[in-house]
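Data first, discussion second: the structure below is written as structure tokens.
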Amino acid sequence: MVEYMVPSGISGKKYAKFQKDYINLAAKHPNLNNAIPECRVFRCVENQRHVEFNIMCKRRQDLETSFMEWAYDLAERNLKQKYLAFGFRWQKNTSYKDLFLQWARYLIAYEPSTFLPIGYVFFRFNIAMGHTAITIHGLHVDKNYQNLGLGSYLMKTLEVLAHRLGVELLIIGAAKRDIALKRFLYRLGFTEEKKEASVNSEYEVLVAPTLCYEIMKKHQKSLLLQ
């Protein structure tokens, strides 16, 4: 469970305004690649040969419509049958339109020789649970590139990005029945946040504190001991 922390010498109201202004600056960052220079190449072994994929982080306004169309198609291929099996509706129009929203940010893996995308994380900067946060709305890897560790690498890269920008939490919603996804997230350090109820009773909220959060928490505790 994450703790709400207000620095000493500032009111909760002023700190909330500071957080809002701060996360707005992060959201307006013109080149998010600059925050993750050492994470922009993913290396793995595929069919007994070493391969590399490149990583970039882009704002929605920096991307062509063709990318959003590909992103939706991949999400549909990865999720639609699972949703139907869980008894959920697949809301195509809503899912597609969300990809075009002004706040949308994308961490994208792509083939360096062709520049074709192979996976992505769809996220936004916001304030949640009293903290600066990155809320993840989608993580998808093309089936031809799954089981290489790319999904884990993208999520770990997102944590590095969050820490470098002073963001405290990673947040994601997961269907309660999606055991495979929850196991994947647990391995990455996510835990269920019971105090944060999902708007949908079939989902739960999972949270992972970033290194930034851990440093702030340690600092707060040191002040209490003085």
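Ordered as shown in the structure tokens, chains take letters A, B, and onward, while each chain numbers its residues from 1 and ligands are numbered from 1 in the order shown.
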At most 10 Å is the cut-off: for each residue in stretch 15-46 of chain A with any atom that close to an atom of stretch 108-115 of chain A, write down the nearest atom pair and the distance in Å rounded to one decimal, counting only C-alpha atoms, chain first then increasing number, as a Markdown table.
| residue | atom | partner | partner_atom | distance |
| --- | --- | --- | --- | --- |
| A:Arg40 | CA | A:Ala109 | CA | 8.7 |
| A:Val41 | CA | A:Ala109 | CA | 8.8 |
| A:Phe42 | CA | A:Ala109 | CA | 8.4 |
Name the residues of stretch 32-219 of chain A that fall into strand (DSSP E or B) according to DSSP on the backbone, using the chain letters and numbers of this document, as a PyMOL selection string.
chain A and resi 41-46+49-59+105-110+117-128+131-141+169-175+191-192+203-209
Can you tell me how far atom CA of A:Leu107 sits from atom CA of A:Val121, in Å to one decimal?
5.1 Å
List every residue of stretch 86-185 of chain A that has an atom at most 9 Å from any atom of stretch 191-215 of chain A, and for each one report the closest atom pair and its distance in Å to one decimal, counting only C-alpha atoms, with rows sorted by chain and then by increasing residue number, as CSV.
residue,atom,partner,partner_atom,distance
A:Met129,CA,A:Glu196,CA,7.4
A:His131,CA,A:Tyr213,CA,8.9
A:Glu159,CA,A:Thr210,CA,6.1
A:Val160,CA,A:Thr210,CA,8.0
A:Ala162,CA,A:Thr210,CA,7.0
A:His163,CA,A:Cys212,CA,5.0
A:Arg164,CA,A:Cys212,CA,7.9
A:Leu165,CA,A:Cys212,CA,8.8
A:Gly166,CA,A:Cys212,CA,5.9
A:Val167,CA,A:Cys212,CA,6.5
A:Glu168,CA,A:Tyr213,CA,4.5
A:Leu169,CA,A:Pro209,CA,4.6
A:Leu170,CA,A:Ala208,CA,5.1
A:Ile171,CA,A:Val207,CA,4.6
A:Ile172,CA,A:Leu206,CA,5.4
A:Gly173,CA,A:Val205,CA,4.6
A:Ala174,CA,A:Tyr203,CA,5.4
A:Ala175,CA,A:Tyr203,CA,4.2
A:Lys176,CA,A:Tyr203,CA,5.2
A:Arg177,CA,A:Glu202,CA,7.9
A:Lys182,CA,A:Leu206,CA,8.5
A:Leu185,CA,A:Thr191,CA,7.9
Those selected residues, please, written with N, CA and C atoms and delivered as a PDB file, in the first residue's frame.
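again_13.pdb, written as the output of this step:
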ATOM      1  N   MET A 129      -4.293   8.984  -6.341  1.00  0.00           N
ATOM      2  CA  MET A 129      -4.013   8.524  -4.983  1.00  0.00           C
ATOM      3  C   MET A 129      -3.087   9.480  -4.226  1.00  0.00           C
ATOM      4  N   HIS A 131      -0.596  11.188  -5.529  1.00  0.00           N
ATOM      5  CA  HIS A 131       0.779  11.118  -6.031  1.00  0.00           C
ATOM      6  C   HIS A 131       0.831  11.465  -7.511  1.00  0.00           C
ATOM      7  N   GLU A 159       9.276   2.532 -16.007  1.00  0.00           N
ATOM      8  CA  GLU A 159       9.610   2.866 -14.612  1.00  0.00           C
ATOM      9  C   GLU A 159      10.812   3.810 -14.572  1.00  0.00           C
ATOM     10  N   VAL A 160      11.801   3.563 -15.423  1.00  0.00           N
ATOM     11  CA  VAL A 160      12.967   4.451 -15.500  1.00  0.00           C
ATOM     12  C   VAL A 160      12.526   5.853 -15.934  1.00  0.00           C
ATOM     13  N   ALA A 162       9.585   7.214 -15.555  1.00  0.00           N
ATOM     14  CA  ALA A 162       8.843   7.820 -14.445  1.00  0.00           C
ATOM     15  C   ALA A 162       9.800   8.387 -13.403  1.00  0.00           C
ATOM     16  N   HIS A 163      10.792   7.600 -13.017  1.00  0.00           N
ATOM     17  CA  HIS A 163      11.739   8.053 -12.003  1.00  0.00           C
ATOM     18  C   HIS A 163      12.500   9.292 -12.468  1.00  0.00           C
ATOM     19  N   ARG A 164      12.955   9.273 -13.719  1.00  0.00           N
ATOM     20  CA  ARG A 164      13.744  10.399 -14.236  1.00  0.00           C
ATOM     21  C   ARG A 164      12.920  11.690 -14.271  1.00  0.00           C
ATOM     22  N   LEU A 165      11.609  11.564 -14.438  1.00  0.00           N
ATOM     23  CA  LEU A 165      10.737  12.740 -14.487  1.00  0.00           C
ATOM     24  C   LEU A 165      10.126  13.064 -13.127  1.00  0.00           C
ATOM     25  N   GLY A 166      10.546  12.359 -12.087  1.00  0.00           N
ATOM     26  CA  GLY A 166      10.038  12.636 -10.751  1.00  0.00           C
ATOM     27  C   GLY A 166       8.632  12.143 -10.504  1.00  0.00           C
ATOM     28  N   VAL A 167       8.220  11.104 -11.240  1.00  0.00           N
ATOM     29  CA  VAL A 167       6.872  10.543 -11.085  1.00  0.00           C
ATOM     30  C   VAL A 167       6.936   9.375 -10.099  1.00  0.00           C
ATOM     31  N   GLU A 168       5.972   9.327  -9.181  1.00  0.00           N
ATOM     32  CA  GLU A 168       6.072   8.419  -8.035  1.00  0.00           C
ATOM     33  C   GLU A 168       5.464   7.032  -8.239  1.00  0.00           C
ATOM     34  N   LEU A 169       4.432   6.917  -9.063  1.00  0.00           N
ATOM     35  CA  LEU A 169       3.729   5.637  -9.157  1.00  0.00           C
ATOM     36  C   LEU A 169       3.479   5.224 -10.595  1.00  0.00           C
ATOM     37  N   LEU A 170       3.475   3.907 -10.823  1.00  0.00           N
ATOM     38  CA  LEU A 170       2.915   3.321 -12.036  1.00  0.00           C
ATOM     39  C   LEU A 170       1.601   2.666 -11.633  1.00  0.00           C
ATOM     40  N   ILE A 171       0.546   2.903 -12.387  1.00  0.00           N
ATOM     41  CA  ILE A 171      -0.788   2.387 -12.051  1.00  0.00           C
ATOM     42  C   ILE A 171      -1.388   1.710 -13.276  1.00  0.00           C
ATOM     43  N   ILE A 172      -2.033   0.582 -13.065  1.00  0.00           N
ATOM     44  CA  ILE A 172      -2.686  -0.123 -14.165  1.00  0.00           C
ATOM     45  C   ILE A 172      -3.923  -0.839 -13.636  1.00  0.00           C
ATOM     46  N   GLY A 173      -4.959  -0.912 -14.447  1.00  0.00           N
ATOM     47  CA  GLY A 173      -6.148  -1.690 -14.112  1.00  0.00           C
ATOM     48  C   GLY A 173      -6.070  -3.054 -14.772  1.00  0.00           C
ATOM     49  N   ALA A 174      -6.461  -4.086 -14.052  1.00  0.00           N
ATOM     50  CA  ALA A 174      -6.427  -5.452 -14.595  1.00  0.00           C
ATOM     51  C   ALA A 174      -7.729  -6.163 -14.250  1.00  0.00           C
ATOM     52  N   ALA A 175      -8.244  -6.911 -15.205  1.00  0.00           N
ATOM     53  CA  ALA A 175      -9.446  -7.704 -14.940  1.00  0.00           C
ATOM     54  C   ALA A 175      -9.146  -8.726 -13.844  1.00  0.00           C
ATOM     55  N   LYS A 176     -10.036  -8.856 -12.896  1.00  0.00           N
ATOM     56  CA  LYS A 176      -9.816  -9.786 -11.788  1.00  0.00           C
ATOM     57  C   LYS A 176      -9.600 -11.215 -12.266  1.00  0.00           C
ATOM     58  N   ARG A 177     -10.208 -11.549 -13.413  1.00  0.00           N
ATOM     59  CA  ARG A 177     -10.102 -12.921 -13.932  1.00  0.00           C
ATOM     60  C   ARG A 177      -8.874 -13.122 -14.815  1.00  0.00           C
ATOM     61  N   LYS A 182      -2.050 -10.568 -14.263  1.00  0.00           N
ATOM     62  CA  LYS A 182      -1.726 -10.199 -12.886  1.00  0.00           C
ATOM     63  C   LYS A 182      -0.430 -10.852 -12.427  1.00  0.00           C
ATOM     64  N   LEU A 185       2.348  -8.805 -13.849  1.00  0.00           N
ATOM     65  CA  LEU A 185       2.511  -7.542 -13.136  1.00  0.00           C
ATOM     66  C   LEU A 185       3.109  -7.752 -11.751  1.00  0.00           C
TER      67      LEU A 185
END
Between A:Trp103, A:Lys13, A:Lys28, A:Ser95, which one has atoms that come closest to A:Leu79, using only C-alpha atoms?
A:Ser95
Using only C-alpha atoms, which residue out of A:Val45, A:Ala128, A:Leu150, A:Phe18 lies closest to A:Tyr4?
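Of A:Val45, A:Ala128, A:Leu150, A:Phe18, the one nearest A:Tyr4 is A:Ala128, counting only C-alpha atoms.
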Excluding A:Trp70 and any residue of its chain fewer than 2 positions from it, enumerate the residues within 12 Å of it, using only C-alpha atoms, and give them as a list of chain:residue names.
A:Leu63, A:Glu64, A:Thr65, A:Ser66, A:Phe67, A:Met68, A:Tyr72, A:Asp73, A:Leu74, A:Ala75, A:Glu76, A:Arg77, A:Tyr96, A:Leu99, A:Ile108, A:Leu116, A:Pro117, A:Ile118, A:Gly119, A:Tyr120, A:His140, A:Val141, A:Asp142
Next, the residues of the selection above should be written as a CSV table (one decimal), in the first residue's frame with C-alpha atoms.
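Result went into out-v1.csv, see below:
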chain,number,residue,atom,x,y,z
A,63,LEU,CA,2.7,10.1,-34.4
A,64,GLU,CA,0.9,9.4,-37.7
A,65,THR,CA,-2.7,8.1,-37.8
A,66,SER,CA,-1.4,4.9,-39.3
A,67,PHE,CA,0.4,4.1,-36.1
A,68,MET,CA,-2.8,4.5,-34.0
A,72,TYR,CA,-5.7,-0.5,-32.2
A,73,ASP,CA,-5.5,-3.5,-34.5
A,74,LEU,CA,-2.8,-5.1,-32.3
A,75,ALA,CA,-4.9,-4.4,-29.1
A,76,GLU,CA,-8.0,-6.0,-30.7
A,77,ARG,CA,-6.0,-9.1,-31.8
A,96,TYR,CA,-10.0,3.4,-30.9
A,99,LEU,CA,-5.6,6.2,-28.7
A,108,ILE,CA,7.2,1.9,-28.7
A,116,LEU,CA,7.9,-1.1,-38.2
A,117,PRO,CA,6.5,-1.2,-34.7
A,118,ILE,CA,6.2,-4.5,-32.9
A,119,GLY,CA,4.9,-3.5,-29.4
A,120,TYR,CA,3.9,-0.6,-27.3
A,140,HIS,CA,0.7,-5.0,-26.3
A,141,VAL,CA,3.4,-7.0,-28.1
A,142,ASP,CA,2.9,-8.6,-31.5
Give me, as JSON, numbers by chain, all polymer residues having an atom no more than 8 Å from A:Asn126, counting only C-alpha atoms and skipping those fewer than 4 positions away in the same chain.
{"A": [20, 23, 24, 132, 133, 134, 135]}
Output N, CA, C and O atoms of each residue in that selection to a file, as a tab-separated table (two decimals), in the first residue's frame.
chain	number	residue	atom	x	y	z
A	20	LYS	N	0.15	19.06	-9.33
A	20	LYS	CA	-0.58	19.24	-10.58
A	20	LYS	C	0.27	19.99	-11.60
A	20	LYS	O	0.35	19.61	-12.77
A	23	ILE	N	3.17	17.61	-12.79
A	23	ILE	CA	2.81	16.55	-13.74
A	23	ILE	C	2.44	17.14	-15.09
A	23	ILE	O	2.65	16.50	-16.14
A	24	ASN	N	1.92	18.37	-15.10
A	24	ASN	CA	1.64	19.03	-16.37
A	24	ASN	C	2.93	19.31	-17.14
A	24	ASN	O	2.97	19.21	-18.38
A	132	THR	N	2.00	11.90	-7.96
A	132	THR	CA	2.23	12.00	-9.40
A	132	THR	C	2.30	10.57	-9.93
A	132	THR	O	2.87	9.68	-9.28
A	133	ALA	N	1.72	10.34	-11.10
A	133	ALA	CA	1.59	8.95	-11.56
A	133	ALA	C	1.65	8.85	-13.07
A	133	ALA	O	1.40	9.82	-13.80
A	134	ILE	N	2.01	7.67	-13.52
A	134	ILE	CA	1.82	7.26	-14.90
A	134	ILE	C	0.78	6.15	-14.87
A	134	ILE	O	0.98	5.13	-14.22
A	135	THR	N	-0.34	6.39	-15.52
A	135	THR	CA	-1.39	5.39	-15.60
A	135	THR	C	-1.28	4.68	-16.95
A	135	THR	O	-1.27	5.33	-18.00
Let's see if you can do this: from backbone DSSP, list all helix (DSSP H, G or I) residues in stretch 5-170 of chain A, as a PyMOL selection string.
chain A and resi 12-27+32-35+37-39+60-62+65-85+92-98+143-145+150-164
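Here the question is which of A:Tyr153, A:Asp178, A:Ala71, A:Lys218 gets nearest to A:Asn54 using only C-alpha atoms, and that residue is A:Tyr153.
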Hey, what's within 9 Å of A:Cys44 if we count only C-alpha atoms and toss same-chain stuff fewer than 2 positions away? As a list of chain:residue names, please?
A:Phe42, A:Glu46, A:Arg49, A:His50, A:Val51, A:Glu52, A:Phe53, A:Leu148, A:Gly149, A:Leu150
Which one is closest to A:Met5: A:Gln48, A:Asn144, A:Gln19, A:Tyr186? Count only C-alpha atoms.
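Closest candidate: A:Gln19.
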Please indicate the distance in Å from atom CA of A:Leu188 to atom CA of A:Ala104, rounded to one decimal place.
22.8 Å
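Using only C-alpha atoms for every distance, the candidate list A:Gly130, A:Leu158, A:Gln102, A:Thr94 yields A:Gly130 as the residue closest to A:Gly12.
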In Å, how far is it from atom CA of A:Phe88 to atom CA of A:Ile179?
15.6 Å
